[in-house]
Protein chains: 2
Amino acid sequence: MKISCAQLNYHIGNFKGNLEKMLNAIEVAKSEGADIVCFGELATCGYPPRDFLEFDDFIVHCEESIKTLTDAADGIAVVVGSPTRNPVPEGKDLYNSVYFLAQKKVLHVQHKALLPTYDIFDEYRYFEPATVFDVVEYKGKKIALTVCEDIWDVENENPLYTVSPLDEMVKYAPDFIINVSASPFNYSHESARKEVIRKNVLRYNIPMLYINHVGAQTEVIFDGGSIAMSPNGNIYKEFNYFEEAQSTIDLGELIKGESLQEQAMSKIQKIHDAIVLGIKDYFGKLGFSKAILGLSGGIDSAVTAVLATEALGRDNVRVLLMPSQFSSDHSVNDARQLAENLGIQYDIIAIKDIYEQYMLSLKPIFGELPFNVTEENLQARVRGMLNMALSNKFGHIVLNTSNKSEMAVGYGTLYGDLCGGISVIGDVYKTEVFELAEYMNRNKELIPRNTITKPPSAELRPNQKDSDSLPDYEILDTILYQYIEERKGPSEIIASGYDEKLVKRILRLVNINEFKRYQTAPVLRVSPKAFGMGRRMPIVGKYLS
Amino acid sequence: MKISCAQLNYHIGNFKGNLEKMLNAIEVAKSEGADIVCFGELATCGYPPRDFLEFDDFIVHCEESIKTLTDAADGIAVVVGSPTRNPVPEGKDLYNSVYFLAQKKVLHVQHKALLPTYDIFDEYRYFEPATVFDVVEYKGKKIALTVCEDIWDVENENPLYTVSPLDEMVKYAPDFIINVSASPFNYSHESARKEVIRKNVLRYNIPMLYINHVGAQTEVIFDGGSIAMSPNGNIYKEFNYFEEAQSTIDLGELIKGESLQEQAMSKIQKIHDAIVLGIKDYFGKLGFSKAILGLSGGIDSAVTAVLATEALGRDNVRVLLMPSQFSSDHSVNDARQLAENLGIQYDIIAIKDIYEQYMLSLKPIFGELPFNVTEENLQARVRGMLNMALSNKFGHIVLNTSNKSEMAVGYGTLYGDLCGGISVIGDVYKTEVFELAEYMNRNKELIPRNTITKPPSAELRPNQKDSDSLPDYEILDTILYQYIEERKGPSEIIASGYDEKLVKRILRLVNINEFKRYQTAPVLRVSPKAFGMGRRMPIVGKYLS
């Protein structure tokens with residue numbers, strides 16, 4: 001038996017586009033002599049469809065796609081994820097299901113039992129969990145169909161759940177497992193995923209075909225990396241990361257388990273490629289092609305510009321150099337040098353005249369009050385407005401260049417440098433931004449060395465430096481990681497060797513700046529805990545603040 | 001037996017403040033001879049605590065509060081909601097529980113079974129549902145303790161759930177029901193709530209004490225309105241709305257069911273009072289007292305200014321009149337008149353000079369390109385920046401003045417009029433804004449008549465009117481209501497009698513403007529479906545767009 005796995009880049013709600021991709025993949029699979037072709041979780045509508053699922057009209061569209069795919073399941077079987085309706089009034093209205101279509105009929109539908117409801121996932125908001133488990137028989141083989149999370153409670157040792165779907169299905173002695181997934185990327189997810197698949201095949205002693213999505217849906221990035229794993233735990237084939245792929249697997253060969261085709265990528269390479277895909281899909285799926293950003297001469301905007309250029313091409317990235325009276329000459333020079341290295345269009349607009357006109361207009365109200373954060377923010381906001389003006393005039397999307405460390409402690413000006421349609425490196429700590437810069441310079445000096453080595457500064461008042469008010473980024477990032485990614489409280493972080501006063505100050509800064517992050521662009525997610533939909537914090541909360 | 005019900009305004013994560021309020025209420029209850037005093041759901045930590053619940057340190061704080069309350073349960077029993085830990089590894093780490101504390105001991109803990117996971121609710125993200133139900137016996141009475149949603153599946157007819165906790169508890173023949181709630185306000189929730197409580201008491205033929213939160217937690221507003229209902233379905237006592245209240249109920253009198261004390265409020269009055277409380281608590285709980293907003297002479301900013309003045313007092317509200325070259329004289333006059341009627345500080349800053357300086361600085365890039373939305377947005381953004389400058393200089397929070405209709409279709413400028421820490425009327429359709437204005441003028445003309453009667457306009461280009469590009473607000477709002485509140489699709493809305501082209505255009509506008517709402521301030525929630533955490537939509541989604 002031959003099984004074709006199609007790792008596709010779906011688009012939420014783009015029923016026509018998703019359907020066309022799948023119909024094409026069915027033809028490819030047929031041409032390769034496949035008996036079965038497999039797609040991803042909720043492939044008809046894309047993932048995560050979020051509250052679109054509450055619209056009956058949206059579900060009707062999903063059902064129409066399934067009808068078309070059923071008709072196309074002619075001479076080949078089709079395995080595809082789609083929402084189905086719960087026929088009884090009790091419980092949620094929908095199931096998250098996988099269809100087995102063959103002979104132009106629905107041969108089997110298996111619902112998902114383990115509904116992730118944590119981090120970015122809200123599945124229990126929409127779906128009723130499965131309570132019935134079965135296998136489907138096709139061409140003499142029994143197949144266990146599973147949806148994503150359903151393989152993640154192997155040996156019933158995942159503390160989130162109380163049932164293990166495959167433990168139920170193995171009672172029917174399946175020959176192999178198909179798992180249709182929409183399993184989002186983070187830099188540590190790949191190893192976790194392989195370990196889970198391996199535990200499953202070893203426990204049940206049958207092979208598994210794991211088919212993932214690839215592509216970004218706003219902030220959520222799917223990395224692909226679909227896997228065919230042999231019963232002995234060998235990776236028979238690992239699909240490419242961050243691009244569409246389709247391949248036909250011979251079941252007999254897969255069971256033998258003699259082949260090993262693994263991909264290998266470093267953490268920084270993965271983050272880099274994920275963000276490039278994230279930018280590309282944010283623009284492409286919204287129907288935009290051109291980006292604009294402010295280039296300060298600092299490392300954050302430099303790294304963002306490089307990522308944007310890789311994603312969109314040099315002709316589609318434009319930068320503004322907007323020196324203030326506090327900007328050093330080398331900042332403008334470094335920024336210009338980077339723009340020239342990248343071959344992207346740049347313009348220089350000094351912000352002094354606009355800034356001074358604001359101060360003049362505000363003079364009757366401000367009087368002789370001293371320069372403070374107001375004037376700093378005003379400069380950052382003039383820059384934001386200039387980016388937005390070009391965005392409006394020429395059809396660019398503004399890129400937000402804030403890193404995770406400064407987003408965390410609120411070092412950024414709302415409606416100023418926090419402007420932008422998408423936050424490119426908002427899930428990358430400052431220390432990781434440096435690693436990204438070094439990675440980008442691995443072949444030649446793309447980012448000027450001075451941009452990497454000079455002390456970080458917002459240059460919003462004379463001789464300002466980040467280190468005036470923040471600890472070294474190595475220390476800051478470690479404290480933030482413990483609080484954000486590891487959900488440790490102050491006493492645990494202090495116990496790990498950090499100054500009590502510093503820890504309390506940092507955690508307080510994180511919590512009192514929730515209001516800024518609330519109004520910031522979606523953040524391309526590359527870590528296990530990004531700001532945004534996966535981290536839901538009260539604004540008026542008094543905890544640690 | 002006497003039972004004191006305390007309807008309190010908690011603050012998320014403010015363990016000390018919440019505890020003090022409860023300890024005071026225990027003393028009050030004792031002084032009134034109460035046998036039991038009851039608080040709300042998750043009263044130790046406030047509701048909704050969101051991802052703070054993922055911090056072990058946060059749960060430890062809850063446990064410490066329970067310890068203190070247990071010690072205080074001396075000569076009186078205390079009923080209080082708080083998270084508890086799930087002792088087994090399977091399932092979520094926590095339960096959402098209600099404690100019964102007496103004789104300085106924990107006499108009983110009942111977990112919540114029905115975990116709302118829809119709209120603004122994410123309870124399944126954190127909590128494991130209860131599977132064991134019992135009653136607690138105290139001073140010869142058997143009491144059924146329930147948490148909020150657990151009374152919402154009466155007669156097992158709520159299609160969201162498959163269990164009815166009270167059906168399980170009545171097996172133990174309880175004498176009465178206590179329900180500790182955190183049930184958020186919307187203008188139609190009060191009647192639904194009374195109906196559910198009535199169904200419960202009639203079905204089980206025992207009385208119920210329903211204790212709600214009051215106060216706002218960022219966008220979520222709790223209206224209070226706690227209820228003691230007799231077994232015959234009479235409302236023995238309905239507590240005040242939108243303020244703290246405590247009252248001791250005599251169980252014997254409650255069972256007799258001969259008294260009727262109901263509150264009555266119109267929809268607009270409720271919306272008005274809810275928003276006033278929402279503003280007051282947003283400022284108070286963040287430690288701010290002063291608001292600033294731009295007053296355009298239009299109805300939205302006028303209504304916002306009135307609400308802010310009622311919430312914060314005239315000395316704490318400041319407005320900026322920021323005419324552009326396209327502003328009509330009457331706009332400035334109307335705005336000034338309103339400020340004078342309210343007795344609030346106002347300043348006039350013409351934006352022309354700043355705007356022209358922007359255009360001068362942009363001239364080398366824009367050349368002779370014609371005036372378009374860029375210049376309109378720029379004017380709106382200059383106003384936003386001026387509001388923010390005063391906010392930074394004097395410590396105001398900027399109020400966002402956008403209404404729900406324009407938020408829906410994207411008629412608003414990101415980083416311009418969409419600036420602000422909190423959206424005051426972002427859940428109020430334009431037609432309802434007019435009703436609010438009339439309500440505010442019910443005794444005397446606070447809002448100038450001209451502000452109410454003139455055709456709505458953004459005044460960002462010559463002779464601009466909302467009706468140039470939008471249908472009448474009566475039509476727009478009805479279409480939006482069907483799409484947003486009722487989740488109807490295009491064919492259902494068209495079938496209700498609206499032009500196909502218009503409906504499709506409106507729904508498309510709603511969906512393609514998700515990116516703007518994503519970056520807008522939290523919206524005070526007064527309807528059953530507000531923009532924000534209760535309505536989760538993809539940005540790159542292609543559905544209807």
# chains A, B, ... in the order shown; residues from 1 in each chain; ligands from 1

call {"tool": "interface_residues", "arguments": {"of": "chain B", "to": "chain A", "cutoff": "7 Å", "atoms": "only C-alpha atoms", "output": "ChimeraX atom specification"}}
result
/B:11-14,49-52,54-55,57,89-92,117-118,124-125,159-162,217-218,282,285-286,349,354,357-358,361,373-374,378,389,392-393,415,487-489,518-521,535-543

call {"tool": "residues_around", "arguments": {"residues": "range 310-312 of chain A", "least_positions_apart": "2", "cutoff": "6 Å", "atoms": "only C-alpha atoms", "output": "list in words"}}
result
Val276, Lys280, Leu307, Ala308 and Asn316 of chain A

call {"tool": "residues_around", "arguments": {"residues": "Glu63 in chain A", "least_positions_apart": "5", "cutoff": "12 Å", "atoms": "only C-alpha atoms", "output": "PyMOL selection string"}}
result
chain A and resi 15+19+42-45+56-58+68-70+80-85+97+99+106

call {"tool": "atom_distance", "arguments": {"atom1": "CA of Leu509 in chain B", "atom2": "CA of Ser457 in chain B"}}
result
18.6 Å

call {"tool": "residues_around", "arguments": {"residues": "Arg193 in chain A", "least_positions_apart": "2", "cutoff": "10 Å", "atoms": "only C-alpha atoms", "output": "JSON, numbers by chain"}}
result
{"A": [151, 152, 183, 188, 189, 190, 191, 195, 196, 197, 198, 199, 210, 225, 227]}

call {"tool": "residues_around", "arguments": {"residues": "Ala72 in chain A", "least_positions_apart": "6", "cutoff": "8 Å", "atoms": "only C-alpha atoms", "output": "PDB file with N, CA and C atoms, in the first residue's frame"}}
result
ATOM      1  N   LEU A  23      -7.132  19.335  -4.247  1.00  0.00           N
ATOM      2  CA  LEU A  23      -7.479  18.631  -5.488  1.00  0.00           C
ATOM      3  C   LEU A  23      -6.227  18.407  -6.343  1.00  0.00           C
ATOM      4  N   ILE A  26      -4.311  15.592  -4.832  1.00  0.00           N
ATOM      5  CA  ILE A  26      -4.930  14.285  -5.128  1.00  0.00           C
ATOM      6  C   ILE A  26      -4.445  13.784  -6.492  1.00  0.00           C
ATOM      7  N   LYS A 104     -15.895   7.529  -3.631  1.00  0.00           N
ATOM      8  CA  LYS A 104     -16.819   8.668  -3.670  1.00  0.00           C
ATOM      9  C   LYS A 104     -17.838   8.646  -2.524  1.00  0.00           C
TER      10      LYS A 104
END

call {"tool": "closest_residue", "arguments": {"among": "B:Asp223, B:Asp300, B:Asp167, B:Asp468", "to": "Asn186 in chain B", "atoms": "only C-alpha atoms"}}
result
B:Asp223

call {"tool": "select_by_dssp", "arguments": {"residues": "range 328-481 of chain A", "states": "helix (DSSP H, G or I)", "output": "PyMOL selection string"}}
result
chain A and resi 329-342+352-366+373-394+404-409+430-440+449-453+466-468+473-481

call {"tool": "write_last_selection", "arguments": {"atoms": "C-alpha atoms", "output": "short mmCIF file (atom, residue, chain, number, x, y, z; two decimals), in the first residue's frame"}}
result
data_model
loop_
_atom_site.label_atom_id
_atom_site.label_comp_id
_atom_site.auth_asym_id
_atom_site.auth_seq_id
_atom_site.Cartn_x
_atom_site.Cartn_y
_atom_site.Cartn_z
CA ASP A 329 26.11 60.34 13.29
CA HIS A 330 27.15 56.73 13.35
CA SER A 331 23.51 55.66 13.76
CA VAL A 332 22.58 57.21 10.44
CA ASN A 333 25.74 55.86 8.83
CA ASP A 334 25.15 52.34 10.14
CA ALA A 335 21.55 52.41 8.96
CA ARG A 336 22.53 53.71 5.53
CA GLN A 337 25.24 51.09 5.26
CA LEU A 338 22.77 48.31 6.04
CA ALA A 339 20.27 49.62 3.48
CA GLU A 340 23.02 49.67 0.89
CA ASN A 341 24.18 46.17 1.85
CA LEU A 342 20.62 44.91 1.42
CA LYS A 352 13.41 67.81 14.34
CA ASP A 353 11.12 70.24 12.47
CA ILE A 354 7.95 68.26 13.17
CA TYR A 355 8.98 67.66 16.77
CA GLU A 356 9.64 71.37 17.28
CA GLN A 357 6.30 72.30 15.75
CA TYR A 358 4.58 69.97 18.25
CA MET A 359 6.44 71.63 21.09
CA LEU A 360 5.50 75.04 19.75
CA SER A 361 1.82 74.10 19.50
CA LEU A 362 1.96 72.60 23.00
CA LYS A 363 3.83 75.55 24.48
CA PRO A 364 0.67 77.36 25.69
CA ILE A 365 -0.17 74.25 27.73
CA PHE A 366 3.27 72.93 28.69
CA VAL A 373 9.33 61.07 28.93
CA THR A 374 6.68 63.12 27.08
CA GLU A 375 9.24 64.55 24.71
CA GLU A 376 10.95 61.17 24.33
CA ASN A 377 7.68 59.53 23.39
CA LEU A 378 6.78 62.37 21.06
CA GLN A 379 9.92 61.76 19.00
CA ALA A 380 9.17 58.04 18.80
CA ARG A 381 5.60 58.88 17.75
CA VAL A 382 6.65 61.29 15.02
CA ARG A 383 8.64 58.40 13.56
CA GLY A 384 5.65 56.11 13.83
CA MET A 385 3.45 58.67 12.07
CA LEU A 386 5.95 59.08 9.23
CA ASN A 387 6.08 55.31 8.71
CA MET A 388 2.29 55.24 8.69
CA ALA A 389 2.10 58.15 6.24
CA LEU A 390 4.23 56.29 3.69
CA SER A 391 2.31 53.11 4.45
CA ASN A 392 -0.97 54.88 3.63
CA LYS A 393 0.37 56.66 0.56
CA PHE A 394 2.14 53.75 -1.09
CA LYS A 404 10.74 40.48 23.36
CA SER A 405 12.89 41.89 26.16
CA GLU A 406 11.72 45.48 25.64
CA MET A 407 8.13 44.39 24.92
CA ALA A 408 8.26 42.59 28.27
CA VAL A 409 9.41 45.52 30.38
CA LYS A 430 17.49 40.74 22.90
CA THR A 431 20.23 38.15 23.50
CA GLU A 432 18.68 36.02 20.74
CA VAL A 433 18.51 39.08 18.46
CA PHE A 434 22.29 39.26 18.72
CA GLU A 435 22.49 35.57 17.79
CA LEU A 436 20.24 36.21 14.80
CA ALA A 437 22.48 39.07 13.69
CA GLU A 438 25.56 36.86 13.88
CA TYR A 439 23.72 34.15 11.93
CA MET A 440 22.82 36.68 9.23
CA ARG A 449 29.65 45.33 12.90
CA ASN A 450 29.14 48.64 14.72
CA THR A 451 25.39 48.00 14.87
CA ILE A 452 26.08 44.75 16.71
CA THR A 453 28.82 45.96 19.05
CA ASP A 466 19.52 50.93 27.75
CA SER A 467 21.91 50.00 30.54
CA ASP A 468 21.08 53.25 32.40
CA TYR A 473 20.44 41.77 28.76
CA GLU A 474 21.93 38.40 29.78
CA ILE A 475 20.52 38.92 33.26
CA LEU A 476 17.29 40.55 32.14
CA ASP A 477 16.52 37.82 29.61
CA THR A 478 17.16 35.02 32.09
CA ILE A 479 14.80 36.59 34.61
CA LEU A 480 12.18 37.19 31.91
CA TYR A 481 12.51 33.63 30.60
#

call {"tool": "residues_around", "arguments": {"residues": "Ile344 in chain A", "least_positions_apart": "6", "cutoff": "8 Å", "atoms": "only C-alpha atoms", "output": "compact mmCIF listing (two decimals) with N, CA and C atoms, in the first residue's frame"}}
result
# COMPACT_ATOMS: atom_id res chain seq x y z
N THR A 309 13.63 41.57 4.10
CA THR A 309 14.19 41.50 2.75
C THR A 309 14.23 40.05 2.27
N ARG A 314 14.18 42.43 -2.03
CA ARG A 314 14.73 43.77 -1.80
C ARG A 314 13.85 44.87 -2.40
N ASP A 315 13.15 44.56 -3.49
CA ASP A 315 12.34 45.59 -4.14
C ASP A 315 11.08 45.91 -3.34
N ASN A 316 10.76 45.09 -2.39
CA ASN A 316 9.52 45.27 -1.64
C ASN A 316 9.73 45.79 -0.22
N VAL A 317 10.96 46.13 0.10
CA VAL A 317 11.24 46.65 1.44
C VAL A 317 11.80 48.07 1.33
N ARG A 318 11.20 48.96 2.09
CA ARG A 318 11.64 50.35 2.07
C ARG A 318 11.88 50.76 3.52
N VAL A 319 12.91 51.55 3.73
CA VAL A 319 13.20 51.96 5.11
C VAL A 319 13.29 53.47 5.20

call {"tool": "select_by_dssp", "arguments": {"residues": "range 209-359 of chain B", "states": "strand (DSSP E)", "output": "VMD selection string"}}
result
chain B and resid 209 to 211 214 to 217 220 to 223 227 to 229 235 to 238 245 to 250 291 to 294 317 to 321 345 to 348

call {"tool": "write_last_selection", "arguments": {"atoms": "N, CA and C atoms", "output": "compact mmCIF listing (two decimals), in the first residue's frame"}}
result
# COMPACT_ATOMS: atom_id res chain seq x y z
N LEU B 209 -29.75 31.54 47.37
CA LEU B 209 -29.04 32.80 47.58
C LEU B 209 -27.96 32.88 46.52
N TYR B 210 -28.08 33.88 45.68
CA TYR B 210 -27.18 34.04 44.54
C TYR B 210 -26.33 35.29 44.78
N ILE B 211 -25.02 35.09 44.95
CA ILE B 211 -24.14 36.22 45.30
C ILE B 211 -23.18 36.50 44.14
N VAL B 214 -19.46 42.64 41.95
CA VAL B 214 -19.77 43.93 41.35
C VAL B 214 -18.44 44.61 41.03
N GLY B 215 -18.43 45.46 40.01
CA GLY B 215 -17.19 46.15 39.67
C GLY B 215 -16.61 45.68 38.35
N ALA B 216 -15.68 46.45 37.83
CA ALA B 216 -15.11 46.13 36.52
C ALA B 216 -13.67 45.66 36.65
N GLN B 217 -13.31 44.69 35.82
CA GLN B 217 -11.94 44.21 35.71
C GLN B 217 -11.53 44.44 34.26
N VAL B 220 -14.35 43.74 31.48
CA VAL B 220 -15.46 42.93 31.99
C VAL B 220 -16.10 43.63 33.19
N ILE B 221 -17.40 43.88 33.09
CA ILE B 221 -18.10 44.61 34.14
C ILE B 221 -19.06 43.65 34.86
N PHE B 222 -18.96 43.62 36.17
CA PHE B 222 -19.90 42.83 36.97
C PHE B 222 -20.91 43.78 37.58
N ASP B 223 -22.18 43.44 37.42
CA ASP B 223 -23.23 44.40 37.77
C ASP B 223 -23.82 44.18 39.15
N ILE B 227 -29.23 38.06 44.34
CA ILE B 227 -30.66 37.75 44.52
C ILE B 227 -30.87 36.71 45.62
N ALA B 228 -31.88 36.95 46.45
CA ALA B 228 -32.39 35.90 47.34
C ALA B 228 -33.77 35.55 46.79
N MET B 229 -33.93 34.32 46.33
CA MET B 229 -35.20 33.94 45.72
C MET B 229 -35.90 32.84 46.52
N ILE B 235 -38.87 37.06 44.00
CA ILE B 235 -37.59 37.67 44.36
C ILE B 235 -37.73 38.30 45.74
N TYR B 236 -37.21 37.62 46.73
CA TYR B 236 -37.31 38.11 48.11
C TYR B 236 -36.50 39.38 48.26
N LYS B 237 -35.31 39.37 47.70
CA LYS B 237 -34.49 40.58 47.69
C LYS B 237 -33.55 40.58 46.48
N GLU B 238 -33.57 41.67 45.77
CA GLU B 238 -32.61 41.88 44.69
C GLU B 238 -31.68 43.00 45.13
N ALA B 245 -22.78 45.93 48.11
CA ALA B 245 -23.95 45.82 49.00
C ALA B 245 -23.78 44.59 49.87
N GLN B 246 -24.31 44.68 51.06
CA GLN B 246 -24.31 43.51 51.95
C GLN B 246 -25.63 43.51 52.70
N SER B 247 -26.22 42.33 52.83
CA SER B 247 -27.51 42.26 53.49
C SER B 247 -27.68 40.88 54.11
N THR B 248 -28.35 40.85 55.27
CA THR B 248 -28.58 39.58 55.95
C THR B 248 -30.02 39.12 55.72
N ILE B 249 -30.13 37.89 55.26
CA ILE B 249 -31.43 37.32 54.89
C ILE B 249 -31.84 36.30 55.95
N ASP B 250 -33.09 36.38 56.39
CA ASP B 250 -33.63 35.38 57.32
C ASP B 250 -34.21 34.23 56.50
N ALA B 291 -8.58 61.78 33.33
CA ALA B 291 -8.78 61.36 31.94
C ALA B 291 -8.65 62.55 31.01
N ILE B 292 -8.22 62.26 29.78
CA ILE B 292 -8.21 63.28 28.74
C ILE B 292 -8.82 62.68 27.49
N LEU B 293 -9.49 63.51 26.72
CA LEU B 293 -10.00 63.05 25.43
C LEU B 293 -10.15 64.24 24.49
N GLY B 294 -10.19 63.92 23.21
CA GLY B 294 -10.43 64.95 22.21
C GLY B 294 -11.92 65.14 22.04
N VAL B 317 -11.43 65.47 34.51
CA VAL B 317 -11.58 65.26 33.07
C VAL B 317 -11.14 66.53 32.35
N ARG B 318 -10.29 66.33 31.37
CA ARG B 318 -9.77 67.44 30.58
C ARG B 318 -10.00 67.10 29.11
N VAL B 319 -10.37 68.10 28.32
CA VAL B 319 -10.60 67.82 26.91
C VAL B 319 -9.78 68.75 26.04
N LEU B 320 -9.43 68.23 24.87
CA LEU B 320 -8.74 69.04 23.87
C LEU B 320 -9.66 69.23 22.67
N LEU B 321 -9.79 70.47 22.25
CA LEU B 321 -10.49 70.78 21.01
C LEU B 321 -9.41 71.01 19.96
N GLN B 345 -12.17 71.23 32.22
CA GLN B 345 -11.13 72.04 31.60
C GLN B 345 -10.99 71.72 30.12
N TYR B 346 -10.91 72.75 29.30
CA TYR B 346 -10.68 72.49 27.87
C TYR B 346 -9.62 73.44 27.33
N ASP B 347 -8.91 72.94 26.32
CA ASP B 347 -7.94 73.76 25.61
C ASP B 347 -8.16 73.57 24.12
N ILE B 348 -7.82 74.59 23.38
CA ILE B 348 -7.94 74.51 21.92
C ILE B 348 -6.54 74.51 21.32

call {"tool": "closest_residue", "arguments": {"among": "A:Met1, A:Phe185, A:Asp499, A:Lys105", "to": "Gly140 in chain A", "atoms": "only C-alpha atoms"}}
result
A:Met1
